$ cat coords-v1.cif   # mmCIF, C-alpha atoms
data_protein
#
loop_
_atom_site.group_PDB
_atom_site.id
_atom_site.type_symbol
_atom_site.label_atom_id
_atom_site.label_comp_id
_atom_site.auth_asym_id
_atom_site.auth_seq_id
_atom_site.Cartn_x
_atom_site.Cartn_y
_atom_site.Cartn_z
ATOM 1 C CA MET A 1 -23.499 -3.416 18.363
ATOM 2 C CA SER A 2 -21.924 -1.818 15.297
ATOM 3 C CA GLY A 3 -20.570 -3.820 12.365
ATOM 4 C CA ARG A 4 -17.100 -2.447 12.984
ATOM 5 C CA LEU A 5 -14.305 -4.860 13.793
ATOM 6 C CA PHE A 6 -12.642 -2.549 16.311
ATOM 7 C CA GLY A 7 -15.887 -1.108 17.707
ATOM 8 C CA SER A 8 -14.919 -1.698 21.329
ATOM 9 C CA PRO A 9 -14.024 1.416 23.319
ATOM 10 C CA MET A 10 -10.905 -0.457 24.475
ATOM 11 C CA PHE A 11 -9.395 -0.223 20.948
ATOM 12 C CA LEU A 12 -8.318 3.398 20.594
ATOM 13 C CA GLY A 13 -6.782 4.600 17.340
ATOM 14 C CA PHE A 14 -7.185 1.353 15.378
ATOM 15 C CA ASP A 15 -9.316 2.851 12.597
ATOM 16 C CA HIS A 16 -6.419 2.572 10.150
ATOM 17 C CA LEU A 17 -6.177 -1.176 10.841
ATOM 18 C CA GLU A 18 -9.837 -1.622 10.058
ATOM 19 C CA GLN A 19 -9.400 0.261 6.778
ATOM 20 C CA MET A 20 -6.359 -1.865 5.956
ATOM 21 C CA LEU A 21 -8.298 -5.094 6.528
ATOM 22 C CA GLU A 22 -11.142 -3.847 4.334
ATOM 23 C CA ARG A 23 -8.679 -2.988 1.566
ATOM 24 C CA ALA A 24 -7.043 -6.416 1.800
ATOM 25 C CA SER A 25 -10.383 -8.221 1.668
ATOM 26 C CA LYS A 26 -11.367 -6.279 -1.465
ATOM 27 C CA GLY A 27 -8.097 -7.228 -3.129
ATOM 28 C CA SER A 28 -8.013 -8.968 -6.448
ATOM 29 C CA GLY A 29 -9.126 -12.594 -6.356
ATOM 30 C CA ASP A 30 -7.106 -13.239 -9.518
ATOM 31 C CA GLY A 31 -4.464 -15.904 -8.935
ATOM 32 C CA TYR A 32 -2.161 -14.587 -11.663
ATOM 33 C CA PRO A 33 0.718 -14.580 -11.272
ATOM 34 C CA PRO A 34 1.109 -17.308 -8.668
ATOM 35 C CA TYR A 35 3.188 -16.355 -5.654
ATOM 36 C CA ASN A 36 4.688 -17.679 -2.430
ATOM 37 C CA ILE A 37 5.274 -15.880 0.846
ATOM 38 C CA GLU A 38 7.936 -17.413 3.061
ATOM 39 C CA GLN A 39 9.461 -16.463 6.368
ATOM 40 C CA ILE A 40 13.223 -16.252 5.905
ATOM 41 C CA ALA A 41 14.113 -14.903 9.368
ATOM 42 C CA PRO A 42 12.285 -14.092 12.608
ATOM 43 C CA ASN A 43 11.701 -10.564 11.286
ATOM 44 C CA GLY A 44 12.026 -11.205 7.543
ATOM 45 C CA LEU A 45 9.689 -12.310 4.742
ATOM 46 C CA ARG A 46 10.181 -13.080 1.059
ATOM 47 C CA ILE A 47 7.500 -12.769 -1.597
ATOM 48 C CA THR A 48 8.243 -14.796 -4.737
ATOM 49 C CA LEU A 49 6.153 -14.330 -7.886
ATOM 50 C CA ALA A 50 6.318 -16.633 -10.912
ATOM 51 C CA VAL A 51 6.776 -14.177 -13.794
ATOM 52 C CA ALA A 52 8.130 -16.399 -16.569
ATOM 53 C CA GLY A 53 8.422 -14.518 -19.843
ATOM 54 C CA PHE A 54 8.704 -11.101 -18.178
ATOM 55 C CA ARG A 55 11.950 -9.150 -18.452
ATOM 56 C CA MET A 56 13.155 -6.689 -15.815
ATOM 57 C CA GLU A 57 12.000 -3.838 -18.073
ATOM 58 C CA ASP A 58 8.466 -5.312 -18.016
ATOM 59 C CA LEU A 59 8.207 -5.270 -14.210
ATOM 60 C CA GLN A 60 7.659 -2.419 -11.777
ATOM 61 C CA ILE A 61 7.629 -2.518 -7.967
ATOM 62 C CA THR A 62 6.365 0.474 -5.980
ATOM 63 C CA GLN A 63 5.458 1.182 -2.385
ATOM 64 C CA GLU A 64 2.332 3.320 -2.225
ATOM 65 C CA ASP A 65 1.691 4.315 1.366
ATOM 66 C CA ASN A 66 1.356 0.973 3.148
ATOM 67 C CA GLN A 67 0.915 -1.118 -0.009
ATOM 68 C CA LEU A 68 3.509 -2.992 -2.003
ATOM 69 C CA VAL A 69 2.363 -2.968 -5.636
ATOM 70 C CA ILE A 70 3.932 -5.189 -8.307
ATOM 71 C CA ARG A 71 2.990 -4.537 -11.928
ATOM 72 C CA GLY A 72 3.931 -6.502 -15.000
ATOM 73 C CA ARG A 73 3.321 -5.472 -18.583
ATOM 74 C CA GLN A 74 4.770 -7.303 -21.544
ATOM 75 C CA VAL A 75 5.283 -5.351 -24.711
ATOM 76 C CA GLU A 76 4.448 -7.269 -27.881
ATOM 77 C CA GLU A 77 7.444 -7.312 -30.155
ATOM 78 C CA GLY A 78 7.080 -5.829 -33.626
ATOM 79 C CA GLU A 79 7.459 -9.098 -35.529
ATOM 80 C CA GLU A 80 4.315 -10.999 -36.394
ATOM 81 C CA ARG A 81 4.297 -14.552 -35.119
ATOM 82 C CA VAL A 82 2.006 -17.313 -36.189
ATOM 83 C CA TYR A 83 1.110 -19.478 -33.178
ATOM 84 C CA LEU A 84 -0.097 -23.017 -33.705
ATOM 85 C CA HIS A 85 -0.806 -23.171 -29.959
ATOM 86 C CA ARG A 86 -0.431 -20.354 -27.461
ATOM 87 C CA GLY A 87 -0.447 -21.635 -23.880
ATOM 88 C CA ILE A 88 1.960 -19.128 -22.325
ATOM 89 C CA ALA A 89 0.124 -16.150 -20.901
ATOM 90 C CA SER A 90 1.419 -12.773 -21.985
ATOM 91 C CA ARG A 91 -0.945 -10.539 -20.126
ATOM 92 C CA GLN A 92 -0.386 -7.684 -17.771
ATOM 93 C CA PHE A 93 -0.936 -7.985 -14.044
ATOM 94 C CA GLN A 94 -1.031 -5.984 -10.846
ATOM 95 C CA LYS A 95 -0.568 -7.594 -7.452
ATOM 96 C CA ALA A 96 -0.876 -5.554 -4.241
ATOM 97 C CA PHE A 97 0.110 -6.563 -0.723
ATOM 98 C CA VAL A 98 -0.888 -4.515 2.339
ATOM 99 C CA LEU A 99 2.154 -3.930 4.544
ATOM 100 C CA ALA A 100 1.986 -3.597 8.297
ATOM 101 C CA GLU A 101 3.328 -0.386 9.763
ATOM 102 C CA GLY A 102 7.121 -0.504 10.036
ATOM 103 C CA ILE A 103 7.689 -3.129 7.322
ATOM 104 C CA GLU A 104 10.552 -2.131 5.034
ATOM 105 C CA ILE A 105 11.553 -3.448 1.623
ATOM 106 C CA GLY A 106 15.004 -4.985 1.658
ATOM 107 C CA GLY A 107 15.414 -5.511 -2.086
ATOM 108 C CA ALA A 108 14.146 -7.319 -5.168
ATOM 109 C CA TRP A 109 15.696 -9.470 -7.889
ATOM 110 C CA LEU A 110 14.648 -11.502 -10.903
ATOM 111 C CA ASP A 111 16.105 -14.999 -11.242
ATOM 112 C CA ASN A 112 15.027 -17.762 -13.652
ATOM 113 C CA GLY A 113 11.499 -16.386 -14.109
ATOM 114 C CA LEU A 114 10.965 -15.785 -10.383
ATOM 115 C CA LEU A 115 10.706 -12.292 -8.923
ATOM 116 C CA HIS A 116 11.874 -12.223 -5.278
ATOM 117 C CA ILE A 117 11.101 -9.342 -2.908
ATOM 118 C CA ASP A 118 12.552 -9.324 0.604
ATOM 119 C CA LEU A 119 10.742 -7.520 3.411
ATOM 120 C CA PHE A 120 11.853 -7.002 6.986
ATOM 121 C CA ARG A 121 10.634 -5.388 10.172
ATOM 122 C CA PRO A 122 13.295 -3.626 12.227
ATOM 123 C CA GLN A 123 13.184 -4.596 15.874
ATOM 124 C CA PRO A 124 11.518 -1.771 17.796
ATOM 125 C CA GLU A 125 13.230 -0.528 20.897
ATOM 126 C CA VAL A 126 11.298 -1.140 24.084
ATOM 127 C CA ARG A 127 10.001 2.102 25.553
ATOM 128 C CA VAL A 128 8.631 2.605 29.030
ATOM 129 C CA LYS A 129 7.213 5.988 29.928
ATOM 130 C CA GLN A 130 6.127 6.980 33.422
ATOM 131 C CA ILE A 131 2.936 9.072 33.473
ATOM 132 C CA GLU A 132 2.681 11.547 36.332
ATOM 133 C CA ILE A 133 -0.578 11.545 38.300
ATOM 134 C CA MET A 134 -1.530 14.953 39.710
ATOM 135 C CA GLN A 135 -3.968 16.111 42.355
ATOM 136 C CA GLY A 136 -7.254 17.533 41.046
ATOM 137 C CA GLY A 137 -6.517 21.116 42.203
ATOM 138 C CA GLN A 138 -2.868 21.301 41.154
ATOM 139 C CA LYS A 139 -1.865 23.191 38.087
ATOM 140 C CA GLY A 140 0.801 21.404 36.158
ATOM 141 C CA GLN A 141 1.964 20.601 32.711
ATOM 142 C CA GLY A 142 -0.464 17.653 32.467
ATOM 143 C CA ALA A 143 -1.905 17.897 28.992
ATOM 144 C CA ALA A 144 0.087 20.962 27.907
ATOM 145 C CA GLY A 145 0.890 20.851 24.242
ATOM 146 C CA SER A 146 -1.466 17.942 23.584
ATOM 147 C CA GLY A 147 -4.442 20.109 22.683
ATOM 148 C CA VAL A 148 -6.461 18.547 25.528
ATOM 149 C CA LYS A 149 -7.681 20.954 28.195
ATOM 150 C CA PRO A 150 -7.337 19.783 31.787
ATOM 151 C CA ARG A 151 -10.553 19.369 33.752
ATOM 152 C CA PRO A 152 -11.465 22.428 35.810
ATOM 153 C CA THR A 153 -11.230 22.163 39.563
ATOM 154 C CA PRO A 154 -14.651 21.361 41.060
ATOM 155 C CA ARG A 155 -16.199 24.403 42.771
ATOM 156 C CA MET A 156 -18.740 24.587 45.540
ATOM 157 C CA LEU A 157 -21.826 26.662 44.781
ATOM 158 C CA HIS A 158 -23.197 28.898 47.539
ATOM 159 C CA PRO A 159 -26.828 30.000 47.737
ATOM 160 C CA VAL A 160 -27.436 33.539 46.519
ATOM 161 C CA MET A 161 -28.943 35.878 49.085
ATOM 162 C CA ASP A 162 -31.280 38.645 48.108
ATOM 163 C CA VAL A 163 -29.896 42.148 48.534
ATOM 164 C CA ASP A 164 -32.612 43.253 50.938
ATOM 165 C CA GLY A 165 -31.802 40.327 53.253
ATOM 166 C CA SER A 166 -34.873 38.168 52.621
#

$ encode --input "coords-v1.cif" --output "structure tokens"
Amino acid sequence: MSGRLFGSPMFLGFDHLEQMLERASKGSGDGYPPYNIEQIAPNGLRITLAVAGFRMEDLQITQEDNQLVIRGRQVEEGEERVYLHRGIASRQFQKAFVLAEGIEIGGAWLDNGLLHIDLFRPQPEVRVKQIEIMQGGQKGQGAAGSGVKPRPTPRMLHPVMDVDGS
């Protein structure tokens, strides 16, 4: 048995899911900044990151393929400060979340040091498609346009006779 998660022949076309799971497992183990993920509706989620000290200009949110990437970078101000104790982190961060196919970003806002990002999944319409079953010898549209050639009709082989009749 292979080490693949979706190695069964019953899972067709799930290679991208396996790659997505690998990418998520290799994600950063850094807990900064802390975040919450909450379900706000049956098809809606909210990610909240604690980004105290970051201004809107210091934050960037992008969607790169199926990843939501949040970056924060604080710019040190020109004035020199003398800290007697510095317990507030002022470091940059990058946090990436793998999004399932169809997830859309509803919006983002910064409020009291918390960055909120709303995500939702539109309800898919239910589709039922009838697949026509054809006889083996019939020519039809079958796999036309799909790039798959239909199986040839089975043929009966006849013994070859020698020309001189033997």

$ resolve_selection --input "coords-v1.cif" --expression "the PyMOL selection byres ((chain A and resi 52-59) around 8)" --output "PyMOL selection string"
chain A and resi 50-51+60-61+70-75+90+110+112-114

$ resolve_selection --input "coords-v1.cif" --expression "the PyMOL selection byres ((chain A and resi 99) around 8)" --output "VMD selection string"
chain A and resid 66 to 68 97 to 98 100 to 101 103

$ residues_around --input "coords-v1.cif" --residues "Leu49 in chain A" --least-positions-apart "5" --cutoff "7 Å" --atoms "all atoms listed in the file" --output "number ranges by chain"
A: 33-36, 114-116

$ atom_distance --input "coords-v1.cif" --atom1 "CA of Ala96 in chain A" --atom2 "CA of Leu17 in chain A"
16.6 Å

$ resolve_selection --input "coords-v1.cif" --expression "the PyMOL selection byres ((chain A and resi 39) around 12)" --output "compact mmCIF listing (two decimals) with C-alpha atoms, in the frame of the given file"
# COMPACT_ATOMS: atom_id res chain seq x y z
CA ASN A 36 4.69 -17.68 -2.43
CA ILE A 37 5.27 -15.88 0.85
CA GLU A 38 7.94 -17.41 3.06
CA ILE A 40 13.22 -16.25 5.90
CA ALA A 41 14.11 -14.90 9.37
CA PRO A 42 12.28 -14.09 12.61
CA ASN A 43 11.70 -10.56 11.29
CA GLY A 44 12.03 -11.20 7.54
CA LEU A 45 9.69 -12.31 4.74
CA ARG A 46 10.18 -13.08 1.06
CA ILE A 47 7.50 -12.77 -1.60
CA THR A 48 8.24 -14.80 -4.74
CA ILE A 117 11.10 -9.34 -2.91
CA ASP A 118 12.55 -9.32 0.60
CA LEU A 119 10.74 -7.52 3.41
CA PHE A 120 11.85 -7.00 6.99
CA ARG A 121 10.63 -5.39 10.17

$ atom_distance --input "coords-v1.cif" --atom1 "CA of Gly102 in chain A" --atom2 "CA of Gln123 in chain A"
9.4 Å

$ closest_residue --input "coords-v1.cif" --among "A:Phe11, A:Glu125, A:Thr62, A:Arg86" --to "Ala108 in chain A" --atoms "only C-alpha atoms"
A:Thr62
